[in-house]
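As provided, start.cif (mmCIF, C-alpha atoms) reads as follows.
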```cif
data_upload
loop_
_atom_site.label_atom_id
_atom_site.label_comp_id
_atom_site.auth_asym_id
_atom_site.auth_seq_id
_atom_site.Cartn_x
_atom_site.Cartn_y
_atom_site.Cartn_z
CA MET T 1 -56.44 -15.27 -44.93
CA ASP T 2 -58.75 -18.28 -45.41
CA PHE T 3 -55.90 -20.49 -44.22
CA LEU T 4 -55.58 -18.56 -40.96
CA ILE T 5 -59.35 -18.69 -40.37
CA LYS T 6 -59.40 -22.44 -40.94
CA LEU T 7 -56.36 -22.87 -38.62
CA ALA T 8 -58.04 -20.83 -35.92
CA ARG T 9 -61.21 -22.91 -36.17
CA LYS T 10 -59.19 -26.11 -36.06
CA ILE T 11 -57.27 -24.98 -32.97
CA ASN T 12 -60.44 -23.75 -31.27
CA GLY T 13 -62.12 -27.09 -31.93
CA ASN T 14 -59.17 -29.13 -30.58
CA VAL T 15 -58.48 -28.93 -26.83
CA ILE T 16 -54.83 -30.06 -27.21
CA TYR T 17 -54.03 -27.47 -29.88
CA LYS T 18 -55.83 -24.81 -27.91
CA ASN T 19 -53.79 -25.53 -24.75
CA LEU T 20 -50.53 -25.55 -26.72
CA VAL T 21 -51.29 -22.12 -28.20
CA LEU T 22 -52.26 -20.72 -24.79
CA ALA T 23 -49.04 -22.10 -23.28
CA ALA T 24 -46.96 -20.56 -26.07
CA CYS T 25 -48.67 -17.20 -25.57
CA GLY T 26 -48.06 -17.44 -21.81
CA ILE T 27 -44.36 -18.12 -22.36
CA ILE T 28 -44.05 -15.15 -24.72
CA VAL T 29 -45.77 -12.84 -22.23
CA PHE T 30 -43.57 -14.17 -19.36
CA VAL T 31 -40.35 -13.57 -21.36
CA CYS T 32 -41.43 -10.03 -22.21
CA VAL T 33 -42.23 -9.21 -18.56
CA VAL T 34 -38.92 -10.66 -17.32
CA ASN T 35 -36.99 -8.71 -19.93
CA LEU T 36 -38.81 -5.52 -18.95
CA LEU T 37 -38.03 -6.05 -15.26
CA LEU T 38 -34.36 -6.84 -15.95
CA ASN T 39 -34.01 -3.64 -17.96
CA LEU T 40 -35.68 -1.73 -15.13
CA PHE T 41 -33.56 -3.08 -12.28
CA THR T 42 -30.22 -3.29 -14.10
CA ARG T 43 -30.79 0.12 -15.77
CA HIS T 44 -29.86 -1.38 -19.13
CA GLY T 45 -28.40 1.26 -21.41
CA GLN T 46 -28.11 3.90 -18.66
CA ILE T 47 -24.31 4.28 -18.67
CA ARG T 48 -22.60 7.19 -16.90
CA GLU T 49 -19.00 8.43 -16.99
CA VAL T 50 -17.59 8.83 -13.47
CA PRO T 51 -16.59 12.47 -12.77
CA ASP T 52 -13.38 13.41 -10.97
CA PHE T 53 -14.38 14.09 -7.36
CA SER T 54 -10.84 14.70 -6.04
CA GLY T 55 -10.50 18.00 -4.18
CA LEU T 56 -14.25 18.28 -3.60
CA THR T 57 -15.93 18.05 -0.21
CA VAL T 58 -18.35 15.17 0.35
CA GLU T 59 -21.31 17.59 0.10
CA GLN T 60 -20.06 18.90 -3.25
CA ALA T 61 -19.46 15.34 -4.48
CA LEU T 62 -22.97 14.30 -3.44
CA LYS T 63 -24.45 17.12 -5.54
CA ALA T 64 -22.23 16.27 -8.52
CA GLY T 65 -22.98 12.57 -8.13
CA LYS T 66 -26.72 13.18 -7.96
CA GLY T 67 -26.55 14.95 -11.31
CA ALA T 68 -24.85 11.90 -12.80
CA SER T 69 -27.19 9.46 -10.95
CA LEU T 70 -24.26 8.16 -8.86
CA LYS T 71 -24.09 7.56 -5.11
CA ILE T 72 -21.11 8.75 -3.03
CA GLU T 73 -19.99 6.63 -0.07
CA VAL T 74 -17.06 7.41 2.28
CA ASN T 75 -15.14 4.22 3.10
CA ASP T 76 -11.80 5.51 4.45
CA SER T 77 -9.88 8.56 5.64
CA LEU T 78 -6.24 9.64 5.57
CA TYR T 79 -4.37 12.63 6.91
CA VAL T 80 -2.43 14.60 4.30
CA PRO T 81 -1.15 17.89 5.79
CA ASP T 82 -0.83 19.52 2.36
CA CYS T 83 -4.57 19.14 1.62
CA GLU T 84 -7.62 20.81 3.08
CA GLY T 85 -9.51 18.80 5.69
CA GLY T 86 -12.65 17.01 4.48
CA VAL T 87 -11.78 16.94 0.77
CA ILE T 88 -11.75 13.76 -1.31
CA LEU T 89 -8.29 12.30 -1.92
CA GLU T 90 -9.09 9.11 -3.84
CA GLN T 91 -12.07 7.40 -5.42
CA SER T 92 -13.10 4.04 -6.83
CA PRO T 93 -14.04 3.59 -9.66
CA ALA T 94 -11.51 6.06 -11.04
CA PRO T 95 -12.51 9.23 -12.93
CA GLY T 96 -13.52 8.51 -16.52
CA ALA T 97 -14.72 4.96 -15.82
CA ARG T 98 -18.05 4.08 -17.42
CA VAL T 99 -20.57 2.65 -14.96
CA LYS T 100 -24.31 2.04 -14.74
CA SER T 101 -26.63 4.61 -13.29
CA GLY T 102 -27.01 4.29 -9.51
CA ARG T 103 -23.48 2.92 -8.98
CA HIS T 104 -21.81 3.56 -5.59
CA ILE T 105 -18.57 5.56 -5.80
CA PHE T 106 -16.33 4.87 -2.80
CA VAL T 107 -14.15 7.79 -1.70
CA THR T 108 -11.28 8.41 0.73
CA ILE T 109 -11.37 11.78 2.47
CA ASN T 110 -8.69 13.85 4.17
CA SER T 111 -9.02 13.99 7.97
CA PHE T 112 -9.07 17.38 9.68
CA HIS T 113 -6.66 16.25 12.41
CA GLN T 114 -4.14 13.46 12.77
CA LYS T 115 -5.19 10.65 15.09
CA MET T 116 -3.46 10.09 18.42
CA VAL T 117 -2.25 6.60 19.37
CA ASP T 118 -0.57 4.99 22.39
CA VAL T 119 3.20 4.56 22.13
CA PRO T 120 3.94 0.85 22.75
CA TYR T 121 6.59 -0.10 25.33
CA VAL T 122 9.33 -2.06 23.52
CA THR T 123 12.39 -1.84 25.78
CA GLY T 124 13.90 -5.32 26.14
CA PHE T 125 12.42 -6.47 22.83
CA SER T 126 14.44 -7.53 19.81
CA LEU T 127 14.74 -4.84 17.15
CA ARG T 128 12.46 -6.81 14.83
CA GLN T 129 9.74 -7.20 17.48
CA ALA T 130 10.04 -3.55 18.50
CA LYS T 131 9.81 -2.37 14.89
CA ASN T 132 6.71 -4.51 14.25
CA ASN T 133 4.96 -3.23 17.39
CA ILE T 134 5.79 0.38 16.58
CA GLU T 135 4.54 0.05 12.99
CA MET T 136 1.36 -1.73 14.10
CA ALA T 137 0.63 1.27 16.35
CA GLY T 138 0.87 3.57 13.31
CA LEU T 139 4.25 5.03 14.31
CA GLU T 140 7.73 4.76 12.83
CA ILE T 141 11.34 4.74 13.95
CA GLU T 142 12.90 8.19 14.03
CA GLU T 143 16.43 7.00 14.80
CA LEU T 144 18.37 3.92 15.83
CA ILE T 145 21.19 4.76 18.26
CA TYR T 146 23.64 1.90 18.75
CA LYS T 147 25.39 1.42 22.07
CA PRO T 148 28.00 -1.25 22.97
CA ASP T 149 26.30 -4.20 24.63
CA MET T 150 26.61 -7.98 24.74
CA ALA T 151 23.16 -8.42 23.11
CA THR T 152 23.09 -7.13 19.53
CA ASN T 153 19.85 -5.61 18.23
CA TYR T 154 17.99 -5.62 21.54
CA VAL T 155 16.31 -2.38 22.62
CA LEU T 156 17.96 -0.82 25.67
CA GLU T 157 15.91 2.37 25.83
CA GLU T 158 12.95 3.99 24.05
CA ARG T 159 12.15 7.68 23.62
CA CYS T 160 9.31 9.60 21.98
CA GLY T 161 8.68 13.34 21.93
CA GLY T 162 11.56 13.96 24.32
CA LYS T 163 10.13 11.50 26.87
CA THR T 164 11.60 8.17 27.94
CA ILE T 165 8.98 5.46 27.54
CA ARG T 166 8.80 3.19 30.57
CA SER T 167 6.70 0.18 31.46
CA GLY T 168 3.24 1.43 32.37
CA SER T 169 3.76 4.80 30.71
CA LYS T 170 0.70 6.12 28.94
CA VAL T 171 2.27 8.35 26.33
CA GLN T 172 0.39 9.23 23.16
CA ALA T 173 1.67 10.56 19.84
CA GLU T 174 0.22 11.46 16.45
CA ILE T 175 0.09 8.67 13.90
CA GLY T 176 3.28 8.76 11.84
CA SER T 177 5.39 10.18 14.68
CA GLY T 178 8.89 8.82 15.20
CA VAL T 179 10.23 6.77 18.11
CA THR T 180 13.94 6.76 18.95
CA LEU T 181 15.42 3.41 20.00
CA VAL T 182 18.74 2.90 21.78
CA VAL T 183 19.90 -0.52 20.64
CA GLY T 184 22.75 -2.76 21.78
CA VAL T 185 25.55 -3.99 19.52
CA SER T 186 28.51 -6.27 20.25
CA GLU T 187 31.91 -5.56 18.73
CA ASP T 188 31.89 -8.62 16.46
CA ALA T 189 28.41 -7.86 15.02
CA SER T 190 28.73 -4.17 14.22
CA VAL T 191 28.68 -4.58 10.41
CA GLN T 192 25.67 -5.60 8.34
CA GLN T 193 24.82 -5.68 4.62
CA VAL T 194 22.57 -2.87 3.39
CA PRO T 195 19.21 -4.30 2.21
CA LYS T 196 17.83 -3.80 -1.29
CA LEU T 197 15.34 -0.90 -1.41
CA VAL T 198 14.90 -0.45 -5.17
CA GLY T 199 11.38 -1.29 -6.33
CA PHE T 200 9.79 -0.87 -2.91
CA PRO T 201 7.38 1.92 -1.83
CA LEU T 202 8.46 4.43 0.82
CA ARG T 203 6.89 2.70 3.82
CA GLU T 204 8.36 -0.71 3.02
CA ALA T 205 11.78 0.74 2.17
CA LYS T 206 11.91 2.37 5.61
CA SER T 207 10.77 -0.84 7.28
CA ARG T 208 13.48 -2.90 5.56
CA LEU T 209 16.15 -0.46 6.72
CA TRP T 210 14.99 -0.47 10.35
CA GLU T 211 14.75 -4.25 10.47
CA ALA T 212 18.33 -4.56 9.17
CA GLY T 213 19.57 -2.00 11.72
CA PHE T 214 20.02 1.04 9.48
CA ASN T 215 18.67 4.58 9.67
CA VAL T 216 16.68 6.41 7.00
CA GLY T 217 18.83 9.10 5.45
CA LYS T 218 17.92 11.77 2.90
CA ILE T 219 14.82 10.99 0.82
CA THR T 220 14.52 12.72 -2.56
CA ARG T 221 11.43 12.67 -4.77
CA ASP T 222 11.04 13.24 -8.50
CA GLU T 223 9.31 16.47 -9.44
CA GLY T 224 5.55 16.04 -9.49
CA ILE T 225 5.28 13.54 -6.64
CA THR T 226 2.88 14.92 -4.04
CA SER T 227 1.84 13.69 -0.62
CA LYS T 228 -1.37 12.38 -2.24
CA ASP T 229 0.36 10.00 -4.65
CA GLU T 230 3.58 9.34 -2.73
CA HIS T 231 2.35 5.84 -1.81
CA LYS T 232 2.41 4.95 -5.54
CA ALA T 233 6.07 5.95 -5.94
CA ARG T 234 8.90 3.39 -5.78
CA VAL T 235 12.59 3.58 -4.85
CA TYR T 236 14.84 3.66 -7.92
CA MET T 237 18.19 4.62 -6.37
CA GLN T 238 19.91 4.13 -3.02
CA THR T 239 23.23 5.04 -1.39
CA PRO T 240 25.04 2.97 -0.11
CA GLY T 241 24.09 0.31 -2.64
CA ALA T 242 22.34 -2.95 -1.82
CA GLY T 243 24.65 -5.57 -0.31
CA SER T 244 27.28 -3.04 0.79
CA PRO T 245 28.73 -3.82 4.25
CA ARG T 246 28.16 -0.91 6.63
CA ARG T 247 28.17 -0.33 10.38
CA LEU T 248 24.81 -0.69 12.09
CA GLY T 249 23.07 2.66 12.44
CA THR T 250 24.44 3.99 9.13
CA LYS T 251 22.08 6.31 7.25
CA VAL T 252 20.92 5.13 3.81
CA ASP T 253 19.73 7.73 1.28
CA PHE T 254 17.25 6.85 -1.47
CA ALA T 255 15.15 8.43 -4.21
CA LEU T 256 11.52 7.91 -5.23
CA THR T 257 9.93 8.01 -8.68
CA LEU T 258 6.70 7.21 -10.51
CA ASP T 259 8.67 6.43 -13.71
CA SER T 260 8.65 2.66 -14.38
CA LYS T 261 11.71 2.91 -16.66
CA LYS T 262 13.76 4.49 -13.87
CA ILE T 263 12.67 1.71 -11.53
CA GLU T 264 13.70 -0.99 -14.05
CA GLN T 265 17.10 0.65 -14.57
CA GLY T 266 17.54 1.04 -10.82
CA ALA T 267 16.66 -2.63 -10.25
CA ALA T 268 19.31 -3.71 -12.75
CA GLN T 269 21.89 -1.49 -11.06
CA SER T 270 20.87 -2.82 -7.63
CA GLU T 271 21.33 -6.44 -8.76
CA LYS T 272 24.75 -5.53 -10.13
CA SER T 273 25.67 -3.90 -6.80
CA MET T 274 24.55 -6.96 -4.85
CA ARG T 275 26.57 -9.32 -7.06
CA ALA T 276 29.66 -7.13 -6.69
CA ALA T 277 29.20 -7.00 -2.89
CA ALA T 278 28.75 -10.79 -2.71
CA LYS T 279 31.92 -11.33 -4.75
CA ALA T 280 33.89 -8.90 -2.60
CA MET T 281 32.70 -10.69 0.54
CA ALA T 282 33.58 -14.10 -0.89
CA ASP T 283 37.04 -12.85 -1.89
CA SER T 284 37.53 -11.38 1.59
CA LEU T 285 36.56 -14.66 3.28
CA ALA T 286 38.84 -16.62 0.95
CA ALA T 287 41.75 -14.27 1.71
CA ALA T 288 41.09 -14.58 5.45
CA GLU T 289 41.05 -18.37 5.23
CA GLU T 290 44.29 -18.31 3.23
CA ARG T 291 45.98 -16.10 5.84
CA ALA T 292 44.80 -18.37 8.60
CA ALA T 293 46.19 -21.38 6.73
CA ASP T 294 49.55 -19.61 6.21
CA GLU T 295 49.74 -18.73 9.92
CA LYS T 296 49.01 -22.34 10.83
CA ARG T 297 51.79 -23.61 8.55
CA VAL T 298 54.26 -21.13 10.05
CA ASP T 299 53.36 -22.33 13.57
#
```

Translate the structure described by the file into structure tokens.
Amino acid sequence: MDFLIKLARKINGNVIYKNLVLAACGIIVFVCVVNLLLNLFTRHGQIREVPDFSGLTVEQALKAGKGASLKIEVNDSLYVPDCEGGVILEQSPAPGARVKSGRHIFVTINSFHQKMVDVPYVTGFSLRQAKNNIEMAGLEIEELIYKPDMATNYVLEERCGGKTIRSGSKVQAEIGSGVTLVVGVSEDASVQQVPKLVGFPLREAKSRLWEAGFNVGKITRDEGITSKDEHKARVYMQTPGAGSPRRLGTKVDFALTLDSKKIEQGAAQSEKSMRAAAKAMADSLAAAEERAADEKRVD
């Protein structure tokens, strides 16, 4: 105790020591204040588990979020016919995630009505250009009808909702509606290899078929896949197989799953199918060249 009294007197009688002690005290106070403010603004220790808001309306989610000190913010909308309009379809962060109090939860809601869009005029375009324009408009190809013509894969006519789309036409359709294209094909270009679909989601699988000149056939889905999570599913099986030579306009069937093992097995089978198709094509070309050589020798 006497030591502390003597130290205090010594510090008080020395300006340098006194200033050093005051500076040290100021630093300690500053650190404490900063720490207090950081805890206040970052809500240190106030962790909340994100509830599952799917199926709730925004109003219901706001009430539930308020109870958990979370803020609900709508950042997108989709149209799923199987679900009630206005309900939440998806959220981020996902249910069960642990977040700090006051965190924004971004949700996607189901629209009450499908949006209407203009049908683009694509007659005279290449099939690839037409497909891209149609997809960019939010539509898809309902059917490719091939008709003999000198220009293969060029659009000769376009129809939507029973109407022929002409230059200057102002026809509208719901997003996701199908457009029928009448496409030209020459006799020597009527066969094309079926593209690989395994591993791709539904939208991209369809797009790959249309770009290659094939139609979407029967689509089957594993039990449990709903319209809400269909975008997460992947193709695991297709008929005809990848690489198979088929006439343009042929329908290709495929199946969707959420099972990663099925997708891996399907990918292996698809690679096998493509190798077999490539070998068959190479053998066919070799046989054709050999016949041509034999005919030349005979002549």

Top pick for closest residue to Thr226 of chain T, considering T:Gln238, T:Thr257, T:Ser101, T:Asn133 and counting only C-alpha atoms: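 Smallest distance to Thr226 of chain T is found for T:Thr257.
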
9 Å contact set for Ile263 of chain T, all atoms listed in the file, chain neighbours under 4 positions out, as a PyMOL selection string: chain T and resi 198-199+234-237+256-259+267-268

Given the PyMOL selection byres ((chain T and resi 51) around 7), the residues it picks as a list of chain:residue names: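 This file gives the following for the PyMOL selection byres ((chain T and resi 51) around 7): T:Glu49, T:Val50, T:Asp52, T:Phe53, T:Pro95, T:Gly96.
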
Would you mind exporting C-alpha atoms of the selected residues as a compact mmCIF listing (two decimals), keeping the file's coordinate frame?
```txt
# COMPACT_ATOMS: atom_id res chain seq x y z
CA GLU T 49 -19.00 8.43 -16.99
CA VAL T 50 -17.59 8.83 -13.47
CA ASP T 52 -13.38 13.41 -10.97
CA PHE T 53 -14.38 14.09 -7.36
CA PRO T 95 -12.51 9.23 -12.93
CA GLY T 96 -13.52 8.51 -16.52
```

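In this comparison, which uses all atoms listed in the file, the residue of T:Ser177, T:Gln193, T:Ser284, T:Thr220 approaching Glu135 of chain T most closely is T:Ser177.
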
Selection under test: the PyMOL selection byres ((chain T and resi 169) around 12); residues as a VMD selection string: chain T and resid 118 to 123 158 to 160 163 to 168 170 to 172

Selection under test: the PyMOL selection byres ((chain T and resi 62) around 12); residues as a PyMOL selection string: chain T and resi 51+53+56-61+63-74+88+104-107

Among the residues T:Val185, T:Ala151, T:Met274, T:Ala137, the one that comes closest to Val117 of chain T [using all atoms listed in the file]: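 Looking at the shortest contact to Val117 of chain T, the residue is T:Ala137.
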
Among the residues T:Lys251, T:Lys196, T:Lys272, T:Lys261, the one that comes closest to Ile219 of chain T [using all atoms listed in the file]: T:Lys251

Proximity to Gly241 of chain T - best of T:Pro195, T:Arg203, T:Gly124, T:Arg291, all atoms listed in the file: T:Pro195

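Going from atom CA of Thr250 of chain T over to atom CA of Glu289 of chain T, you cover 28.1 Å.
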
Closest of T:Val216, T:Leu139, T:Phe254, T:Arg48 to Pro93 of chain T - atom-to-atom distances counting only C-alpha atoms: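 Looking at the shortest contact to Pro93 of chain T, the residue is T:Arg48.
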
Excluding same-chain residues fewer than 4 positions from Phe112 of chain T, what lies within 10 Å of it counting only C-alpha atoms, as a PDB file with C-alpha atoms, keeping the file's coordinate frame?
```pdb
ATOM      1  CA  SER T  77      -9.880   8.560   5.640  1.00  0.00           C
ATOM      2  CA  LEU T  78      -6.240   9.640   5.570  1.00  0.00           C
ATOM      3  CA  TYR T  79      -4.370  12.630   6.910  1.00  0.00           C
ATOM      4  CA  VAL T  80      -2.430  14.600   4.300  1.00  0.00           C
ATOM      5  CA  PRO T  81      -1.150  17.890   5.790  1.00  0.00           C
ATOM      6  CA  CYS T  83      -4.570  19.140   1.620  1.00  0.00           C
ATOM      7  CA  GLU T  84      -7.620  20.810   3.080  1.00  0.00           C
ATOM      8  CA  GLY T  85      -9.510  18.800   5.690  1.00  0.00           C
ATOM      9  CA  GLY T  86     -12.650  17.010   4.480  1.00  0.00           C
ATOM     10  CA  VAL T  87     -11.780  16.940   0.770  1.00  0.00           C
TER      11      VAL T  87
END
```

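For the atom pair formed by atom CA of Glu174 of chain T and atom CA of Glu223 of chain T, the distance is 27.9 Å, given to one decimal.
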
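As for atom CA of Glu187 of chain T and atom CA of Tyr154 of chain T, they are spaced 14.2 Å apart.
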
Residues near Ala212 of chain T, cut-off 10 Å, all atoms listed in the file, skip fewer than 2 positions along chain, as a list in words: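 Answer for this query is Leu127, Arg128, Asn153, Gln192, Gln193, Val194, Pro195, Ser207, Arg208, Leu209, Trp210, Phe214, Asn215, Leu248 and Gly249 of chain T.
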